[in-house]
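Encoded as structure tokens, the structure appears first; notes follow it.
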Amino acid sequence: MDITRPDSSVVQLAVELACRAPSLHNSQPWRWEHSGGELKLFGDRTRLLPAADPTGRQLHISCGAALHHLSVGLLGLRWTTEIRYERRAISPDLLATIGFRRDARPRSHDFDMLTAIRRRRTDRRAFGTFEGIDALVVSAVDQAQELNVSVIALGEAQREGLVEATRSTAAARRYDVEYQTELHWWAGHSMTSGGIPETSLVAGSGGVPIGRTFPVRQNAPTDSAGFADESTVLALGTPSDSRMDWLRCGHALSAILLDATVRGAATCPLSHVTEVPRSRSIIQRIVPEIGTPQMLVRVGRAPTGTRPQPTPRRPVTDVLSSY
């Protein structure tokens with residue numbers, strides 16, 4: 001056995017954990033190839049959502065989050081990852097090559113992060129105020145800064161601008177047949193290997209005026225209906241709008257979501273306000289300090305009631321090839 005390379009069972013487990021990363025409408029737009037002691041990550045354009053994500057920006061953010069999930073999983077298995085982001089000239093779909101070193105010394109928090117991968121959920125209900133939010137924000141800023149990603153917690157006045165951006169997005173999407181068809185395909189009904197099941201949606205707005213409007217299904221939970229959302233909103237931005245920026249933003253997003261889960265906070269990524277140019281420009285106007293807006297995240301205390309169930313994932317055999 002070659003102790004300098006993880007065996008296929010370790011790689012398979014790590015990829016399974018990586019694929020628990022969040023993605024637009026749970027589309028899981030990635031595939032992996034394991035060969036010669038290296039793991040390669042490709043964007044899967046058959047899972048691209050052309051109406052919501054025509055440039056593939058959110059595909060890359062999703063894949064960046066999967067890379068961070070992978071590194072957290074392997075660290076818990078005592079492997080260090082060496083991630084090399086690939087330039088588009090090599091292959092338009094090859095995003096990163098991952099090497100391995102058997103020298104990791106995980107600490108207790110690293111194991112907490114590993115456990116958080118399976119515990120994390122996107123919770124679309126209204127949140128209460130999370131008592132540990134100040135420490136969480138400091139941690140989020142520090143983790144993102146290492147990746148050249150900016151994170152800022154929005155204040156009340158900026159929150160009003162976010163409501164404006166949400167309304168602008170809804171107006172632009174209202175009669176967009178391609179977008180509405182795509183949304184109804186991915187959200188609110190049973191799919192064995194992706195999409196958002198109705199149990200993960202909320203009835204009506206759920207008291208969250210800055211959330212994406214999804215199709216309302218019969219079995220959508222109503223635990224937080226009628227309650228005002230008191231979450232803190234974090235805005236993530238990058239210096240420019242390149243493929244590298246998108247991947248690093250996804251990496252930072254994953255770190256924030258898992259750390260929040262460890263601390264006991266509920267989270268909900270918000271991508272709809274950066275999909276429409278006018279709405280994205282509103283975000284850039286209200287938080288110019290972050291550079292180019294890429295993603296927002298609601299963080300708060302989860303309401304009482306049934307937690308969202310795990311969303312379905314593609315089988316590892318469908319996304320991982322070994323040679």
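Following the order of the structure tokens, first chain is A, next is B, and so on, with residues numbered from 1 inside each chain and ligands from 1 in the order they appear.
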Near-Ala14 of chain A list (12 Å; only C-alpha atoms; drop same-chain fewer than 5 positions) as a PDB file with N, CA, C and O atoms, in the first residue's frame:
ATOM      1  N   PRO A   6      -3.830   8.546  -0.907  1.00  0.00           N
ATOM      2  CA  PRO A   6      -5.025   7.925  -0.335  1.00  0.00           C
ATOM      3  C   PRO A   6      -5.549   6.853  -1.275  1.00  0.00           C
ATOM      4  O   PRO A   6      -5.499   7.005  -2.502  1.00  0.00           O
ATOM      5  N   ASP A   7      -6.049   5.767  -0.718  1.00  0.00           N
ATOM      6  CA  ASP A   7      -6.590   4.726  -1.580  1.00  0.00           C
ATOM      7  C   ASP A   7      -7.969   5.130  -2.104  1.00  0.00           C
ATOM      8  O   ASP A   7      -8.526   6.159  -1.715  1.00  0.00           O
ATOM      9  N   SER A   8      -8.516   4.324  -2.975  1.00  0.00           N
ATOM     10  CA  SER A   8      -9.758   4.682  -3.656  1.00  0.00           C
ATOM     11  C   SER A   8     -10.922   4.845  -2.687  1.00  0.00           C
ATOM     12  O   SER A   8     -11.807   5.680  -2.907  1.00  0.00           O
ATOM     13  N   SER A   9     -10.936   4.070  -1.595  1.00  0.00           N
ATOM     14  CA  SER A   9     -12.046   4.178  -0.641  1.00  0.00           C
ATOM     15  C   SER A   9     -12.010   5.519   0.091  1.00  0.00           C
ATOM     16  O   SER A   9     -13.059   6.121   0.367  1.00  0.00           O
ATOM     17  N   CYS A  19     -19.528  16.466  -2.121  1.00  0.00           N
ATOM     18  CA  CYS A  19     -20.785  16.634  -2.858  1.00  0.00           C
ATOM     19  C   CYS A  19     -21.949  17.020  -1.967  1.00  0.00           C
ATOM     20  O   CYS A  19     -23.070  17.225  -2.457  1.00  0.00           O
ATOM     21  N   ARG A  20     -21.713  17.150  -0.653  1.00  0.00           N
ATOM     22  CA  ARG A  20     -22.733  17.710   0.237  1.00  0.00           C
ATOM     23  C   ARG A  20     -22.697  19.243   0.200  1.00  0.00           C
ATOM     24  O   ARG A  20     -23.504  19.900   0.860  1.00  0.00           O
ATOM     25  N   ALA A  21     -21.791  19.817  -0.572  1.00  0.00           N
ATOM     26  CA  ALA A  21     -21.688  21.277  -0.660  1.00  0.00           C
ATOM     27  C   ALA A  21     -22.955  21.864  -1.263  1.00  0.00           C
ATOM     28  O   ALA A  21     -23.656  21.200  -2.043  1.00  0.00           O
ATOM     29  N   TRP A  32     -15.721  14.482 -10.969  1.00  0.00           N
ATOM     30  CA  TRP A  32     -14.377  14.286 -10.444  1.00  0.00           C
ATOM     31  C   TRP A  32     -13.699  13.135 -11.183  1.00  0.00           C
ATOM     32  O   TRP A  32     -14.363  12.156 -11.551  1.00  0.00           O
ATOM     33  N   HIS A  34     -10.215  10.628 -10.658  1.00  0.00           N
ATOM     34  CA  HIS A  34      -9.110  10.225  -9.784  1.00  0.00           C
ATOM     35  C   HIS A  34      -8.160   9.363 -10.594  1.00  0.00           C
ATOM     36  O   HIS A  34      -8.544   8.291 -11.081  1.00  0.00           O
ATOM     37  N   LEU A  39      -6.555  14.093  -7.928  1.00  0.00           N
ATOM     38  CA  LEU A  39      -7.992  14.199  -8.133  1.00  0.00           C
ATOM     39  C   LEU A  39      -8.256  15.477  -8.908  1.00  0.00           C
ATOM     40  O   LEU A  39      -7.723  16.540  -8.566  1.00  0.00           O
ATOM     41  N   ALA A  66     -17.508  22.958  -3.053  1.00  0.00           N
ATOM     42  CA  ALA A  66     -17.217  21.524  -3.020  1.00  0.00           C
ATOM     43  C   ALA A  66     -15.737  21.271  -2.740  1.00  0.00           C
ATOM     44  O   ALA A  66     -15.377  20.325  -2.025  1.00  0.00           O
ATOM     45  N   LEU A  67     -14.857  22.113  -3.283  1.00  0.00           N
ATOM     46  CA  LEU A  67     -13.424  21.973  -3.013  1.00  0.00           C
ATOM     47  C   LEU A  67     -13.128  22.151  -1.524  1.00  0.00           C
ATOM     48  O   LEU A  67     -12.317  21.421  -0.944  1.00  0.00           O
ATOM     49  N   HIS A  68     -13.769  23.148  -0.906  1.00  0.00           N
ATOM     50  CA  HIS A  68     -13.538  23.344   0.529  1.00  0.00           C
ATOM     51  C   HIS A  68     -14.097  22.175   1.330  1.00  0.00           C
ATOM     52  O   HIS A  68     -13.449  21.687   2.266  1.00  0.00           O
ATOM     53  N   HIS A  69     -15.280  21.708   0.984  1.00  0.00           N
ATOM     54  CA  HIS A  69     -15.841  20.530   1.652  1.00  0.00           C
ATOM     55  C   HIS A  69     -14.873  19.348   1.532  1.00  0.00           C
ATOM     56  O   HIS A  69     -14.668  18.594   2.491  1.00  0.00           O
ATOM     57  N   LEU A  70     -14.294  19.176   0.346  1.00  0.00           N
ATOM     58  CA  LEU A  70     -13.344  18.086   0.134  1.00  0.00           C
ATOM     59  C   LEU A  70     -12.146  18.215   1.068  1.00  0.00           C
ATOM     60  O   LEU A  70     -11.742  17.224   1.717  1.00  0.00           O
ATOM     61  N   SER A  71     -11.589  19.408   1.171  1.00  0.00           N
ATOM     62  CA  SER A  71     -10.407  19.596   2.015  1.00  0.00           C
ATOM     63  C   SER A  71     -10.734  19.374   3.487  1.00  0.00           C
ATOM     64  O   SER A  71      -9.924  18.815   4.235  1.00  0.00           O
ATOM     65  N   VAL A  72     -11.946  19.790   3.912  1.00  0.00           N
ATOM     66  CA  VAL A  72     -12.368  19.551   5.296  1.00  0.00           C
ATOM     67  C   VAL A  72     -12.512  18.057   5.548  1.00  0.00           C
ATOM     68  O   VAL A  72     -12.073  17.533   6.587  1.00  0.00           O
ATOM     69  N   GLY A  73     -13.123  17.341   4.601  1.00  0.00           N
ATOM     70  CA  GLY A  73     -13.289  15.906   4.755  1.00  0.00           C
ATOM     71  C   GLY A  73     -11.963  15.173   4.826  1.00  0.00           C
ATOM     72  O   GLY A  73     -11.757  14.299   5.683  1.00  0.00           O
ATOM     73  N   LEU A  74     -11.033  15.531   3.945  1.00  0.00           N
ATOM     74  CA  LEU A  74      -9.734  14.859   3.929  1.00  0.00           C
ATOM     75  C   LEU A  74      -8.897  15.206   5.151  1.00  0.00           C
ATOM     76  O   LEU A  74      -8.149  14.362   5.666  1.00  0.00           O
ATOM     77  N   LEU A  75      -9.015  16.450   5.644  1.00  0.00           N
ATOM     78  CA  LEU A  75      -8.295  16.820   6.859  1.00  0.00           C
ATOM     79  C   LEU A  75      -8.742  15.943   8.025  1.00  0.00           C
ATOM     80  O   LEU A  75      -7.927  15.481   8.830  1.00  0.00           O
ATOM     81  N   GLY A  76     -10.052  15.698   8.113  1.00  0.00           N
ATOM     82  CA  GLY A  76     -10.557  14.819   9.166  1.00  0.00           C
ATOM     83  C   GLY A  76     -10.068  13.396   9.018  1.00  0.00           C
ATOM     84  O   GLY A  76     -10.018  12.635   9.996  1.00  0.00           O
ATOM     85  N   LEU A  77      -9.698  13.020   7.798  1.00  0.00           N
ATOM     86  CA  LEU A  77      -9.137  11.697   7.527  1.00  0.00           C
ATOM     87  C   LEU A  77      -7.612  11.715   7.551  1.00  0.00           C
ATOM     88  O   LEU A  77      -6.965  10.752   7.140  1.00  0.00           O
ATOM     89  N   ARG A  78      -7.056  12.854   7.997  1.00  0.00           N
ATOM     90  CA  ARG A  78      -5.618  13.054   8.197  1.00  0.00           C
ATOM     91  C   ARG A  78      -4.818  13.167   6.894  1.00  0.00           C
ATOM     92  O   ARG A  78      -3.670  12.755   6.815  1.00  0.00           O
ATOM     93  N   TRP A  79      -5.463  13.762   5.889  1.00  0.00           N
ATOM     94  CA  TRP A  79      -4.780  14.072   4.641  1.00  0.00           C
ATOM     95  C   TRP A  79      -4.837  15.579   4.399  1.00  0.00           C
ATOM     96  O   TRP A  79      -5.876  16.211   4.577  1.00  0.00           O
ATOM     97  N   THR A  80      -3.720  16.146   3.993  1.00  0.00           N
ATOM     98  CA  THR A  80      -3.661  17.544   3.587  1.00  0.00           C
ATOM     99  C   THR A  80      -3.869  17.630   2.080  1.00  0.00           C
ATOM    100  O   THR A  80      -3.301  16.827   1.326  1.00  0.00           O
ATOM    101  N   THR A  81      -4.677  18.579   1.655  1.00  0.00           N
ATOM    102  CA  THR A  81      -4.910  18.750   0.218  1.00  0.00           C
ATOM    103  C   THR A  81      -4.076  19.906  -0.315  1.00  0.00           C
ATOM    104  O   THR A  81      -3.897  20.926   0.355  1.00  0.00           O
ATOM    105  N   ILE A  98      -6.157  18.401  -7.458  1.00  0.00           N
ATOM    106  CA  ILE A  98      -5.916  18.256  -6.028  1.00  0.00           C
ATOM    107  C   ILE A  98      -4.870  17.170  -5.799  1.00  0.00           C
ATOM    108  O   ILE A  98      -5.029  16.030  -6.259  1.00  0.00           O
ATOM    109  N   PHE A 100      -2.264  15.310  -2.653  1.00  0.00           N
ATOM    110  CA  PHE A 100      -2.466  14.874  -1.269  1.00  0.00           C
ATOM    111  C   PHE A 100      -1.127  14.701  -0.552  1.00  0.00           C
ATOM    112  O   PHE A 100      -0.131  14.305  -1.157  1.00  0.00           O
ATOM    113  N   LEU A 114     -15.867  18.785  10.074  1.00  0.00           N
ATOM    114  CA  LEU A 114     -16.179  17.562   9.328  1.00  0.00           C
ATOM    115  C   LEU A 114     -17.591  17.087   9.642  1.00  0.00           C
ATOM    116  O   LEU A 114     -18.374  16.765   8.734  1.00  0.00           O
ATOM    117  N   ILE A 117     -20.503  19.001   7.937  1.00  0.00           N
ATOM    118  CA  ILE A 117     -20.819  18.768   6.523  1.00  0.00           C
ATOM    119  C   ILE A 117     -22.150  18.044   6.386  1.00  0.00           C
ATOM    120  O   ILE A 117     -22.983  18.392   5.535  1.00  0.00           O
ATOM    121  N   VAL A 316     -22.205   8.792  -5.762  1.00  0.00           N
ATOM    122  CA  VAL A 316     -20.790   9.050  -6.028  1.00  0.00           C
ATOM    123  C   VAL A 316     -20.358   8.400  -7.334  1.00  0.00           C
ATOM    124  O   VAL A 316     -19.536   8.947  -8.074  1.00  0.00           O
ATOM    125  N   LEU A 320     -17.874  10.458  -9.910  1.00  0.00           N
ATOM    126  CA  LEU A 320     -16.452  10.150  -9.721  1.00  0.00           C
ATOM    127  C   LEU A 320     -16.018   9.038 -10.651  1.00  0.00           C
ATOM    128  O   LEU A 320     -16.630   7.957 -10.681  1.00  0.00           O
TER     129      LEU A 320
END
Task: Contacts of Pro315 of chain A at 12 Å (only C-alpha atoms; same-chain gap of 6+ positions) as a list in words - done: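 With the cut-off at 12 Å, the set is Gln12, Leu13, Val15, Glu16, Leu17, Cys19, Arg20, Gln28, Arg31, Thr192, Ser193, Gly194 and Ser321 of chain A.
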Task: Interatomic distance, atom CA of Arg47 of chain A to atom CA of Leu59 of chain A (Å, one decimal) - done: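 Straight-line distance from atom CA of Arg47 of chain A to atom CA of Leu59 of chain A works out to 8.5 Å.
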TODO: Excluding segment 308-314 of chain A and any residue of its chain fewer than 6 positions from it, enumerate the residues within 12 Å of it, using only C-alpha atoms, and give them as JSON, numbers by chain.
DONE: {"A": [15, 16, 17, 18, 19, 20, 21, 22, 23, 25, 26, 27, 28, 29, 30, 31, 47, 117, 118, 119, 120, 121, 122, 123, 124, 125, 186, 187, 188, 189, 190, 191, 192, 193, 194, 195, 196, 197, 198, 199, 200, 201, 202, 220, 221, 222, 223, 266, 267, 268, 302, 320]}
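With only C-alpha atoms as the atoms that count, the minimum distance from Glu38 of chain A to the choices A:Phe111, A:Phe227, A:Trp185, A:Tyr323 is reached by A:Tyr323.
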Open item on the list: Using only C-alpha atoms, can you tell me which of A:Ile152, A:Met113, A:Leu257, A:Ala65 comes closest to Ile286 of chain A?
Closed with: A:Ile152
Task: Nearest to Gly237 of chain A, chosen from A:Pro293, A:Pro106, A:Pro215, A:Pro269, with only C-alpha atoms counted in the distances - done: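 Of A:Pro293, A:Pro106, A:Pro215, A:Pro269, the one nearest Gly237 of chain A, counting only C-alpha atoms, is A:Pro293.
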TODO: Could you give me, as an MDAnalysis selection string, the residues within 12 Å of Ala171 of chain A, counting only C-alpha atoms and dropping anything in the same chain fewer than 5 positions from it?
DONE: chainID A and resid 164:166 176 212:213 273 276 278:279
TODO: Write out as a PyMOL selection string all residues of segment 84-273 of chain A that backbone DSSP assigns to helix (DSSP H, G or I).
DONE: chain A and resi 108-119+133-145+156-173+177-186+198-200+243-263+272-273
TODO: Just give me the gap between atom CA of Leu48 of chain A and atom CA of Pro277 of chain A in Å, one decimal is fine.
DONE: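 We find that atom CA of Leu48 of chain A and atom CA of Pro277 of chain A lie 18.8 Å from each other.
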- [ ] Go ahead and compute the interatomic distance for atom CA of Gly64 of chain A and atom CA of Arg88 of chain A, in Å to one decimal.
- [x] 15.0 Å
